[in-house]
>>> print(open('protein.cif').read())   # mmCIF, C-alpha atoms
data_final
#
loop_
_atom_site.group_PDB
_atom_site.id
_atom_site.type_symbol
_atom_site.label_atom_id
_atom_site.label_comp_id
_atom_site.auth_asym_id
_atom_site.auth_seq_id
_atom_site.Cartn_x
_atom_site.Cartn_y
_atom_site.Cartn_z
ATOM 1 C CA MET K 1 20.498 3.974 -16.937
ATOM 2 C CA ALA K 2 22.589 6.177 -14.702
ATOM 3 C CA THR K 3 25.351 4.370 -12.855
ATOM 4 C CA ARG K 4 25.045 4.459 -9.077
ATOM 5 C CA ASN K 5 27.896 4.109 -6.633
ATOM 6 C CA ARG K 6 28.388 0.541 -5.471
ATOM 7 C CA THR K 7 28.943 0.102 -1.758
ATOM 8 C CA GLU K 8 28.721 -2.968 0.399
ATOM 9 C CA VAL K 9 25.390 -2.792 2.197
ATOM 10 C CA THR K 10 25.599 -4.099 5.775
ATOM 11 C CA GLU K 11 22.287 -2.682 6.948
ATOM 12 C CA PHE K 12 19.036 -1.289 5.592
ATOM 13 C CA VAL K 13 17.018 1.719 6.690
ATOM 14 C CA LEU K 14 13.286 1.003 6.952
ATOM 15 C CA LEU K 15 11.396 4.208 6.125
ATOM 16 C CA GLY K 16 8.191 3.032 7.805
ATOM 17 C CA LEU K 17 4.584 3.837 6.961
ATOM 18 C CA SER K 18 4.874 7.623 6.975
ATOM 19 C CA SER K 19 7.606 10.242 6.870
ATOM 20 C CA TRP K 20 5.484 12.777 8.797
ATOM 21 C CA PRO K 21 6.735 12.998 12.415
ATOM 22 C CA GLU K 22 3.343 14.134 13.741
ATOM 23 C CA MET K 23 1.738 10.937 12.431
ATOM 24 C CA GLN K 24 4.086 8.561 14.247
ATOM 25 C CA PRO K 25 2.253 8.527 17.642
ATOM 26 C CA VAL K 26 -1.075 8.015 15.865
ATOM 27 C CA ILE K 27 0.316 5.144 13.795
ATOM 28 C CA PHE K 28 1.892 3.621 16.910
ATOM 29 C CA GLY K 29 -1.370 3.723 18.869
ATOM 30 C CA ILE K 30 -3.512 2.248 16.111
ATOM 31 C CA VAL K 31 -1.081 -0.513 15.128
ATOM 32 C CA PHE K 32 -0.292 -1.403 18.746
ATOM 33 C CA ALA K 33 -3.997 -1.725 19.587
ATOM 34 C CA MET K 34 -4.633 -3.915 16.531
ATOM 35 C CA TYR K 35 -1.583 -6.034 17.332
ATOM 36 C CA LEU K 36 -2.883 -6.738 20.841
ATOM 37 C CA VAL K 37 -6.334 -7.596 19.479
ATOM 38 C CA ALA K 38 -4.780 -9.919 16.876
ATOM 39 C CA LEU K 39 -2.666 -11.710 19.483
ATOM 40 C CA MET K 40 -5.450 -12.098 22.036
ATOM 41 C CA GLY K 41 -8.116 -13.024 19.498
ATOM 42 C CA ASN K 42 -6.024 -15.642 17.733
ATOM 43 C CA ALA K 43 -4.638 -17.038 20.998
ATOM 44 C CA LEU K 44 -8.167 -17.428 22.357
ATOM 45 C CA LEU K 45 -9.345 -19.098 19.139
ATOM 46 C CA LEU K 46 -6.300 -21.395 19.206
ATOM 47 C CA ILE K 47 -6.996 -22.467 22.814
ATOM 48 C CA VAL K 48 -10.681 -23.067 22.123
ATOM 49 C CA ALA K 49 -10.090 -25.019 18.893
ATOM 50 C CA LEU K 50 -7.525 -27.338 20.512
ATOM 51 C CA SER K 51 -9.227 -27.855 23.869
ATOM 52 C CA ASP K 52 -12.996 -27.855 23.463
ATOM 53 C CA PRO K 53 -14.334 -31.432 23.126
ATOM 54 C CA LYS K 54 -16.960 -30.354 20.584
ATOM 55 C CA LEU K 55 -14.399 -28.770 18.254
ATOM 56 C CA GLN K 56 -12.130 -31.777 17.846
ATOM 57 C CA THR K 57 -12.629 -32.034 14.083
ATOM 58 C CA PRO K 58 -10.208 -31.625 11.173
ATOM 59 C CA MET K 59 -11.730 -28.259 10.251
ATOM 60 C CA TYR K 60 -11.057 -26.769 13.666
ATOM 61 C CA PHE K 61 -7.573 -28.260 13.810
ATOM 62 C CA LEU K 62 -6.817 -26.400 10.576
ATOM 63 C CA LEU K 63 -8.437 -23.302 12.061
ATOM 64 C CA SER K 64 -6.118 -23.555 15.074
ATOM 65 C CA GLN K 65 -3.149 -23.671 12.705
ATOM 66 C CA LEU K 66 -4.480 -20.571 10.930
ATOM 67 C CA SER K 67 -4.669 -18.755 14.265
ATOM 68 C CA PHE K 68 -1.074 -19.728 15.015
ATOM 69 C CA ILE K 69 0.004 -18.486 11.579
ATOM 70 C CA ASP K 70 -1.748 -15.140 12.113
ATOM 71 C CA MET K 71 -0.003 -14.629 15.460
ATOM 72 C CA PHE K 72 3.333 -15.547 13.895
ATOM 73 C CA LEU K 73 2.781 -13.287 10.875
ATOM 74 C CA THR K 74 2.047 -10.171 12.911
ATOM 75 C CA THR K 75 4.911 -10.841 15.327
ATOM 76 C CA ILE K 76 7.414 -11.037 12.462
ATOM 77 C CA THR K 77 6.762 -7.433 11.435
ATOM 78 C CA VAL K 78 4.758 -5.411 13.962
ATOM 79 C CA PRO K 79 7.034 -5.263 17.071
ATOM 80 C CA GLN K 80 9.936 -3.968 15.003
ATOM 81 C CA MET K 81 7.645 -1.513 13.259
ATOM 82 C CA LEU K 82 6.385 -0.171 16.594
ATOM 83 C CA VAL K 83 9.952 0.363 17.844
ATOM 84 C CA HIS K 84 10.959 2.145 14.644
ATOM 85 C CA THR K 85 7.844 4.325 14.721
ATOM 86 C CA LEU K 86 9.027 6.082 17.893
ATOM 87 C CA SER K 87 12.752 5.824 17.195
ATOM 88 C CA VAL K 88 15.183 7.909 15.205
ATOM 89 C CA ASN K 89 17.269 4.842 14.357
ATOM 90 C CA ARG K 90 15.312 2.704 11.887
ATOM 91 C CA THR K 91 18.108 0.464 10.704
ATOM 92 C CA ILE K 92 18.070 -3.326 10.423
ATOM 93 C CA SER K 93 21.153 -5.398 9.716
ATOM 94 C CA PHE K 94 21.467 -7.171 6.382
ATOM 95 C CA ASN K 95 21.292 -10.630 7.994
ATOM 96 C CA CYS K 96 18.270 -9.751 10.124
ATOM 97 C CA CYS K 97 16.558 -8.343 7.049
ATOM 98 C CA ILE K 98 17.066 -11.596 5.143
ATOM 99 C CA ILE K 99 15.816 -13.626 8.125
ATOM 100 C CA GLN K 100 12.715 -11.444 8.367
ATOM 101 C CA LEU K 101 12.134 -11.829 4.627
ATOM 102 C CA PHE K 102 12.433 -15.612 4.883
ATOM 103 C CA PHE K 103 9.933 -15.977 7.734
ATOM 104 C CA PHE K 104 7.465 -13.456 6.331
ATOM 105 C CA MET K 105 7.345 -15.123 2.916
ATOM 106 C CA ALA K 106 7.118 -18.619 4.425
ATOM 107 C CA VAL K 107 4.419 -17.807 6.967
ATOM 108 C CA GLY K 108 2.452 -15.659 4.537
ATOM 109 C CA SER K 109 2.466 -18.412 1.907
ATOM 110 C CA MET K 110 1.522 -20.991 4.532
ATOM 111 C CA GLU K 111 -1.691 -19.122 5.255
ATOM 112 C CA GLY K 112 -2.840 -19.665 1.669
ATOM 113 C CA HIS K 113 -2.051 -23.384 1.860
ATOM 114 C CA LEU K 114 -4.045 -23.730 5.073
ATOM 115 C CA LEU K 115 -7.018 -21.960 3.498
ATOM 116 C CA ALA K 116 -6.799 -24.382 0.562
ATOM 117 C CA ALA K 117 -6.841 -27.337 2.975
ATOM 118 C CA MET K 118 -9.862 -25.830 4.731
ATOM 119 C CA ALA K 119 -11.610 -25.420 1.365
ATOM 120 C CA TYR K 120 -10.999 -29.109 0.615
ATOM 121 C CA ASP K 121 -12.417 -30.023 4.025
ATOM 122 C CA ARG K 122 -15.577 -28.038 3.266
ATOM 123 C CA TYR K 123 -15.807 -29.578 -0.199
ATOM 124 C CA VAL K 124 -15.783 -33.117 1.190
ATOM 125 C CA ALA K 125 -18.160 -32.230 4.042
ATOM 126 C CA ILE K 126 -20.765 -30.778 1.646
ATOM 127 C CA CYS K 127 -20.278 -32.818 -1.537
ATOM 128 C CA ASP K 128 -19.467 -36.231 -0.016
ATOM 129 C CA PRO K 129 -20.656 -36.133 3.610
ATOM 130 C CA LEU K 130 -21.117 -39.896 3.984
ATOM 131 C CA ARG K 131 -17.431 -40.533 3.278
ATOM 132 C CA TYR K 132 -16.143 -37.519 5.200
ATOM 133 C CA SER K 133 -14.691 -39.496 8.103
ATOM 134 C CA ALA K 134 -13.008 -41.932 5.733
ATOM 135 C CA ILE K 135 -11.437 -39.191 3.580
ATOM 136 C CA ILE K 136 -10.535 -36.498 6.115
ATOM 137 C CA SER K 137 -8.392 -37.932 8.894
ATOM 138 C CA ARG K 138 -5.848 -36.642 11.372
ATOM 139 C CA HIS K 139 -3.068 -38.246 9.307
ATOM 140 C CA LEU K 140 -4.204 -36.421 6.180
ATOM 141 C CA CYS K 141 -4.319 -33.071 8.010
ATOM 142 C CA LEU K 142 -0.858 -33.630 9.449
ATOM 143 C CA ARG K 143 0.549 -34.611 6.050
ATOM 144 C CA ILE K 144 -0.997 -31.570 4.398
ATOM 145 C CA THR K 145 0.318 -29.242 7.099
ATOM 146 C CA LEU K 146 3.847 -30.659 7.145
ATOM 147 C CA THR K 147 4.099 -30.860 3.357
ATOM 148 C CA SER K 148 2.911 -27.284 3.040
ATOM 149 C CA TRP K 149 5.533 -26.111 5.528
ATOM 150 C CA VAL K 150 8.253 -27.808 3.491
ATOM 151 C CA VAL K 151 7.031 -26.270 0.217
ATOM 152 C CA VAL K 152 6.685 -22.715 1.523
ATOM 153 C CA SER K 153 10.025 -22.916 3.359
ATOM 154 C CA LEU K 154 11.865 -23.948 0.195
ATOM 155 C CA ASN K 155 10.073 -21.208 -1.738
ATOM 156 C CA SER K 156 11.029 -18.618 0.870
ATOM 157 C CA LEU K 157 14.606 -19.890 0.969
ATOM 158 C CA LEU K 158 14.861 -19.342 -2.795
ATOM 159 C CA TYR K 159 13.679 -15.742 -2.394
ATOM 160 C CA SER K 160 16.164 -15.121 0.410
ATOM 161 C CA VAL K 161 19.114 -16.580 -1.490
ATOM 162 C CA LEU K 162 18.302 -14.534 -4.595
ATOM 163 C CA VAL K 163 18.249 -11.342 -2.534
ATOM 164 C CA THR K 164 21.607 -12.098 -0.912
ATOM 165 C CA ARG K 165 23.193 -12.422 -4.369
ATOM 166 C CA LEU K 166 22.147 -8.916 -5.445
ATOM 167 C CA THR K 167 24.496 -5.916 -5.420
ATOM 168 C CA PHE K 168 22.810 -2.987 -3.697
ATOM 169 C CA CYS K 169 23.519 0.685 -4.400
ATOM 170 C CA ASN K 170 20.907 1.966 -1.971
ATOM 171 C CA ASN K 171 19.850 0.854 1.507
ATOM 172 C CA GLN K 172 16.692 2.969 1.903
ATOM 173 C CA VAL K 173 13.773 0.492 2.023
ATOM 174 C CA THR K 174 10.431 2.159 1.331
ATOM 175 C CA HIS K 175 8.562 -0.111 3.699
ATOM 176 C CA PHE K 176 8.128 -0.925 7.374
ATOM 177 C CA PHE K 177 9.708 -4.390 7.044
ATOM 178 C CA CYS K 178 11.946 -6.318 4.643
ATOM 179 C CA ASP K 179 9.648 -7.457 1.865
ATOM 180 C CA ILE K 180 10.668 -8.806 -1.512
ATOM 181 C CA THR K 181 9.131 -6.021 -3.626
ATOM 182 C CA PRO K 182 10.918 -2.991 -2.098
ATOM 183 C CA LEU K 183 14.186 -4.921 -1.825
ATOM 184 C CA LEU K 184 14.168 -5.605 -5.562
ATOM 185 C CA LYS K 185 14.053 -1.839 -6.141
ATOM 186 C CA LEU K 186 17.461 -1.308 -4.499
ATOM 187 C CA PRO K 187 20.032 -3.201 -6.678
ATOM 188 C CA CYS K 188 22.439 -1.253 -8.900
ATOM 189 C CA THR K 189 20.958 -2.886 -12.003
ATOM 190 C CA GLN K 190 17.464 -4.177 -12.508
ATOM 191 C CA PRO K 191 17.469 -7.871 -11.491
ATOM 192 C CA VAL K 192 15.489 -9.104 -14.488
ATOM 193 C CA VAL K 193 16.358 -12.787 -14.040
ATOM 194 C CA SER K 194 15.593 -12.729 -10.329
ATOM 195 C CA GLU K 195 12.303 -10.947 -10.917
ATOM 196 C CA MET K 196 11.242 -13.432 -13.577
ATOM 197 C CA LEU K 197 12.166 -16.402 -11.399
ATOM 198 C CA ILE K 198 10.461 -14.984 -8.329
ATOM 199 C CA PHE K 199 7.333 -14.064 -10.276
ATOM 200 C CA THR K 200 7.084 -17.429 -12.061
ATOM 201 C CA GLU K 201 7.856 -19.572 -9.047
ATOM 202 C CA GLY K 202 5.757 -17.354 -6.809
ATOM 203 C CA VAL K 203 2.728 -17.793 -9.035
ATOM 204 C CA VAL K 204 3.036 -21.576 -8.688
ATOM 205 C CA VAL K 205 3.485 -21.626 -4.911
ATOM 206 C CA VAL K 206 1.310 -18.668 -3.902
ATOM 207 C CA VAL K 207 -1.475 -18.701 -6.483
ATOM 208 C CA SER K 208 -1.962 -22.466 -6.886
ATOM 209 C CA PRO K 209 -3.748 -22.697 -3.491
ATOM 210 C CA PHE K 210 -6.055 -19.890 -4.644
ATOM 211 C CA PHE K 211 -7.018 -21.772 -7.799
ATOM 212 C CA PHE K 212 -7.527 -24.911 -5.715
ATOM 213 C CA ILE K 213 -9.889 -22.914 -3.476
ATOM 214 C CA LEU K 214 -11.775 -21.626 -6.529
ATOM 215 C CA GLY K 215 -12.113 -25.174 -7.868
ATOM 216 C CA SER K 216 -13.365 -26.471 -4.525
ATOM 217 C CA TYR K 217 -15.983 -23.743 -4.249
ATOM 218 C CA ALA K 218 -17.071 -24.275 -7.843
ATOM 219 C CA ARG K 219 -17.894 -27.883 -6.932
ATOM 220 C CA ILE K 220 -19.513 -26.735 -3.685
ATOM 221 C CA GLY K 221 -21.601 -24.213 -5.624
ATOM 222 C CA ILE K 222 -22.858 -26.952 -7.946
ATOM 223 C CA ALA K 223 -23.746 -29.119 -4.946
ATOM 224 C CA ILE K 224 -25.558 -26.251 -3.211
ATOM 225 C CA ALA K 225 -27.531 -25.471 -6.381
ATOM 226 C CA ARG K 226 -28.867 -29.047 -6.337
ATOM 227 C CA MET K 227 -30.046 -28.891 -2.733
ATOM 228 C CA HIS K 228 -33.829 -28.912 -2.314
ATOM 229 C CA SER K 229 -33.846 -28.512 1.457
ATOM 230 C CA VAL K 230 -33.813 -24.904 2.654
ATOM 231 C CA ALA K 231 -32.258 -25.976 5.964
ATOM 232 C CA ALA K 232 -29.458 -27.858 4.191
ATOM 233 C CA LEU K 233 -28.850 -24.900 1.897
ATOM 234 C CA ARG K 234 -28.686 -22.485 4.834
ATOM 235 C CA LYS K 235 -26.294 -24.759 6.714
ATOM 236 C CA ALA K 236 -23.978 -25.148 3.712
ATOM 237 C CA LEU K 237 -23.833 -21.390 3.164
ATOM 238 C CA SER K 238 -23.212 -20.778 6.859
ATOM 239 C CA THR K 239 -20.407 -23.345 6.871
ATOM 240 C CA CYS K 240 -18.563 -21.659 3.997
ATOM 241 C CA SER K 241 -19.264 -17.959 4.538
ATOM 242 C CA SER K 242 -16.528 -17.278 7.103
ATOM 243 C CA HIS K 243 -13.913 -19.118 5.059
ATOM 244 C CA ILE K 244 -14.868 -17.289 1.853
ATOM 245 C CA LEU K 245 -14.575 -13.918 3.590
ATOM 246 C CA VAL K 246 -11.104 -14.751 4.947
ATOM 247 C CA VAL K 247 -9.969 -15.944 1.492
ATOM 248 C CA LEU K 248 -11.142 -12.690 -0.100
ATOM 249 C CA LEU K 249 -9.321 -10.610 2.519
ATOM 250 C CA LEU K 250 -6.072 -12.546 2.084
ATOM 251 C CA TYR K 251 -5.866 -12.926 -1.685
ATOM 252 C CA GLY K 252 -7.253 -9.480 -2.416
ATOM 253 C CA SER K 253 -4.199 -7.941 -0.766
ATOM 254 C CA VAL K 254 -1.711 -10.602 -1.951
ATOM 255 C CA ILE K 255 -2.648 -10.208 -5.619
ATOM 256 C CA ARG K 256 -2.518 -6.427 -5.269
ATOM 257 C CA MET K 257 0.957 -6.529 -3.668
ATOM 258 C CA TYR K 258 2.873 -9.221 -5.532
ATOM 259 C CA LEU K 259 1.250 -10.561 -8.685
ATOM 260 C CA ARG K 260 1.839 -7.719 -11.129
ATOM 261 C CA PRO K 261 4.730 -6.422 -13.234
ATOM 262 C CA SER K 262 7.437 -4.567 -11.311
ATOM 263 C CA SER K 263 6.946 -1.509 -13.537
ATOM 264 C CA SER K 264 3.486 -0.990 -12.018
ATOM 265 C CA TYR K 265 4.652 -1.094 -8.391
ATOM 266 C CA ASP K 266 3.789 1.926 -6.261
ATOM 267 C CA LEU K 267 5.739 1.452 -3.037
ATOM 268 C CA ASP K 268 3.739 4.095 -1.161
ATOM 269 C CA GLN K 269 0.455 2.339 -1.950
ATOM 270 C CA ASP K 270 2.026 -1.061 -1.314
ATOM 271 C CA ARG K 271 2.855 -0.022 2.250
ATOM 272 C CA GLN K 272 -0.817 0.660 2.871
ATOM 273 C CA VAL K 273 -1.828 -2.691 1.403
ATOM 274 C CA ALA K 274 0.905 -4.415 3.421
ATOM 275 C CA ILE K 275 -0.401 -3.037 6.713
ATOM 276 C CA PHE K 276 -3.810 -4.430 5.792
ATOM 277 C CA TYR K 277 -2.298 -7.835 4.970
ATOM 278 C CA ALA K 278 0.119 -8.019 7.920
ATOM 279 C CA VAL K 279 -2.015 -6.429 10.644
ATOM 280 C CA VAL K 280 -5.661 -5.887 9.720
ATOM 281 C CA THR K 281 -6.382 -9.330 8.254
ATOM 282 C CA PRO K 282 -4.889 -11.299 11.218
ATOM 283 C CA THR K 283 -6.954 -9.060 13.510
ATOM 284 C CA LEU K 284 -10.191 -9.692 11.613
ATOM 285 C CA ASN K 285 -9.793 -13.455 11.105
ATOM 286 C CA PRO K 286 -10.616 -14.544 14.698
ATOM 287 C CA LEU K 287 -13.525 -12.076 14.789
ATOM 288 C CA ILE K 288 -14.910 -13.483 11.543
ATOM 289 C CA TYR K 289 -14.649 -17.093 12.708
ATOM 290 C CA SER K 290 -16.048 -16.399 16.173
ATOM 291 C CA LEU K 291 -18.873 -13.991 15.364
ATOM 292 C CA ARG K 292 -20.123 -15.921 12.324
ATOM 293 C CA ASN K 293 -19.739 -19.443 13.726
ATOM 294 C CA GLN K 294 -22.229 -20.805 16.239
ATOM 295 C CA GLU K 295 -19.959 -23.698 17.262
ATOM 296 C CA VAL K 296 -17.072 -21.352 18.076
ATOM 297 C CA LYS K 297 -19.370 -18.984 19.971
ATOM 298 C CA GLY K 298 -20.695 -21.930 21.960
ATOM 299 C CA ALA K 299 -17.142 -23.088 22.730
ATOM 300 C CA LEU K 300 -16.197 -19.583 23.888
ATOM 301 C CA ARG K 301 -19.207 -19.483 26.207
ATOM 302 C CA ARG K 302 -18.242 -22.854 27.675
ATOM 303 C CA LEU K 303 -14.658 -21.682 28.160
ATOM 304 C CA PHE K 304 -15.681 -18.461 29.932
ATOM 305 C CA ARG K 305 -18.183 -20.378 32.076
ATOM 306 C CA LYS K 306 -15.478 -22.853 33.052
ATOM 307 C CA LEU K 307 -13.075 -20.037 33.910
ATOM 308 C CA CYS K 308 -15.694 -18.289 36.011
ATOM 309 C CA ASN K 309 -16.691 -21.462 37.865
ATOM 310 C CA SER K 310 -13.308 -23.010 38.515
ATOM 311 C CA GLY K 311 -10.891 -20.118 38.258
ATOM 312 C CA ASN K 312 -8.563 -22.127 36.019
ATOM 313 C CA PHE K 313 -8.606 -23.775 32.605
ATOM 314 C CA GLN K 314 -8.842 -27.534 32.238
ATOM 315 C CA PRO K 315 -8.527 -28.839 28.651
ATOM 316 C CA GLY K 316 -11.191 -31.131 27.264
ATOM 317 C CA SER K 317 -10.763 -34.801 28.050
ATOM 318 C CA GLN K 318 -10.703 -35.826 24.387
ATOM 319 C CA GLY K 319 -7.508 -33.940 23.609
ATOM 320 C CA MET K 320 -6.651 -32.423 20.279
ATOM 321 C CA TRP K 321 -6.853 -35.702 18.387
ATOM 322 C CA GLY K 322 -10.242 -36.977 19.606
ATOM 323 C CA TRP K 323 -11.670 -36.299 16.168
ATOM 324 C CA HIS K 324 -15.323 -36.405 15.312
ATOM 325 C CA HIS K 325 -17.245 -34.629 12.583
ATOM 326 C CA ILE K 326 -20.011 -32.240 13.530
ATOM 327 C CA SER K 327 -22.776 -32.690 11.005
#
>>> encode(input="protein.cif", output="structure tokens")
Amino acid sequence: MATRNRTEVTEFVLLGLSSWPEMQPVIFGIVFAMYLVALMGNALLLIVALSDPKLQTPMYFLLSQLSFIDMFLTTITVPQMLVHTLSVNRTISFNCCIIQLFFFMAVGSMEGHLLAAMAYDRYVAICDPLRYSAIISRHLCLRITLTSWVVVSLNSLLYSVLVTRLTFCNNQVTHFFCDITPLLKLPCTQPVVSEMLIFTEGVVVVVSPFFFILGSYARIGIAIARMHSVAALRKALSTCSSHILVVLLLYGSVIRMYLRPSSSYDLDQDRQVAIFYAVVTPTLNPLIYSLRNQEVKGALRRLFRKLCNSGNFQPGSQGMWGWHHIS
């Protein structure tokens, strides 16, 4: 391996999505429009899930957390990307890069844990409906959410610390934000130990929720196969369809981006997948859950009717913890 000059890196240069100047305004317009849709759609879903009296169930509490995560995830990367798209200066300081890496990895991993919790909620609702209220409680949802935040934060902290210990010979990041994959391409020597640790530990933290989701839906599939009522079968499929679609969108891009040997990385293709994961998926999630869910559509109609009649928004009297299960 050729030896590269070692210099102390105090900042990185983010190369963005495209090096073609004529494409920058187009990229800015498309990404900015999707960012606004993602923010407004998820904010609206968050308000409805927390305020509507008929949505005060564990499933919709978890859905509200997913909406918050999607808003957070896009805000970590997109505003900076939009500024850099129309700017000559595309630098980011070393410390800011590490902070961005920490939050992106933590929030991105948290989305998978929330989807696993939602899969468990659906499993209990379909496979053990009579004991649903006894098994799924507000305390359980809070414990799952808080525990997941602790796990993903420690995982992200490990990634961040490993990156800070690397010696960089290049500061040109082939990406539009500080992600772990392009950063591991910049050290003077290949960080074999760091890559092995990140890959192994990442599989446990990132992929374990996916396998939990697969296991939950395997049990749900067995339960659905035993249903003799067409109405019950249709309701079970309708309950799970939106969640399954969101899981496929998330893990399809995550597996493509992170869970493969470093020798097979194509940073140009990874940037395209990353924009899908960081922008497109958070934009589609609220549309999927609102357009394919009758309860959410009904809550949106009630919210708009209330706004039109009163001119202001008054939250539901039950509050966010007035739980009841909608059968």
>>> closest_residue(input="protein.cif", among="K:Leu17, K:Leu36, K:Val161, K:Leu63", to="K:Val48", atoms="all atoms listed in the file")
K:Leu63
>>> residues_around(input="protein.cif", residues="K:Asn42", least_positions_apart="3", cutoff="6 Å", atoms="all atoms listed in the file", output="PyMOL selection string")
chain K and resi 38-39+45-46+67+286
>>> write_last_selection(input="protein.cif", atoms="C-alpha atoms", output="tab-separated table (two decimals), in the frame of the given file")
chain	number	residue	atom	x	y	z
K	38	ALA	CA	-4.78	-9.92	16.88
K	39	LEU	CA	-2.67	-11.71	19.48
K	45	LEU	CA	-9.35	-19.10	19.14
K	46	LEU	CA	-6.30	-21.40	19.21
K	67	SER	CA	-4.67	-18.76	14.26
K	286	PRO	CA	-10.62	-14.54	14.70
>>> closest_residue(input="protein.cif", among="K:Ile220, K:Val205, K:Ile136, K:Ile92", to="K:Ala106", atoms="all atoms listed in the file")
K:Val205
>>> resolve_selection(input="protein.cif", expression="the PyMOL selection byres ((chain K and resi 183-198) around 6)", output="MDAnalysis selection string")
chainID K and resid 167:170 180:182 199:202
>>> resolve_selection(input="protein.cif", expression="the PyMOL selection byres ((chain K and resi 96) around 12)", output="number ranges by chain")
K: 10-12, 76-77, 80, 91-95, 97-103, 160, 164, 177-178
>>> closest_residue(input="protein.cif", among="K:Leu130, K:Val26, K:Leu114, K:Ala223", to="K:Ile144", atoms="all atoms listed in the file")
K:Leu114
>>> closest_residue(input="protein.cif", among="K:Val203, K:Met40, K:Cys141, K:Leu82", to="K:Met118", atoms="all atoms listed in the file")
K:Cys141
>>> resolve_selection(input="protein.cif", expression="the PyMOL selection byres ((chain K and resi 235-249) around 8)", output="PyMOL selection string")
chain K and resi 115+118-119+122+126+224+231-234+250-253+277+281+285+288-289+292-293
>>> axis_aligned_box(input="protein.cif", around="stretch 97-116 of chain K", padding_each_side="5 Å", output="JSON")
{"center_x": 5.0, "center_y": -16.4, "center_z": 4.5, "size_x": 34.1, "size_y": 26.0, "size_z": 17.8}
>>> closest_residue(input="protein.cif", among="K:Asp268, K:Arg219, K:Val207, K:Ile47", to="K:Asp128", atoms="all atoms listed in the file")
K:Arg219
>>> atom_distance(input="protein.cif", atom1="atom CA of K:Val13", atom2="atom CA of K:Ile30")
22.6 Å
>>> atom_distance(input="protein.cif", atom1="atom CA of K:Val124", atom2="atom CA of K:Thr145")
17.6 Å
>>> atom_distance(input="protein.cif", atom1="atom CA of K:Tyr217", atom2="atom CA of K:Tyr132")
16.7 Å
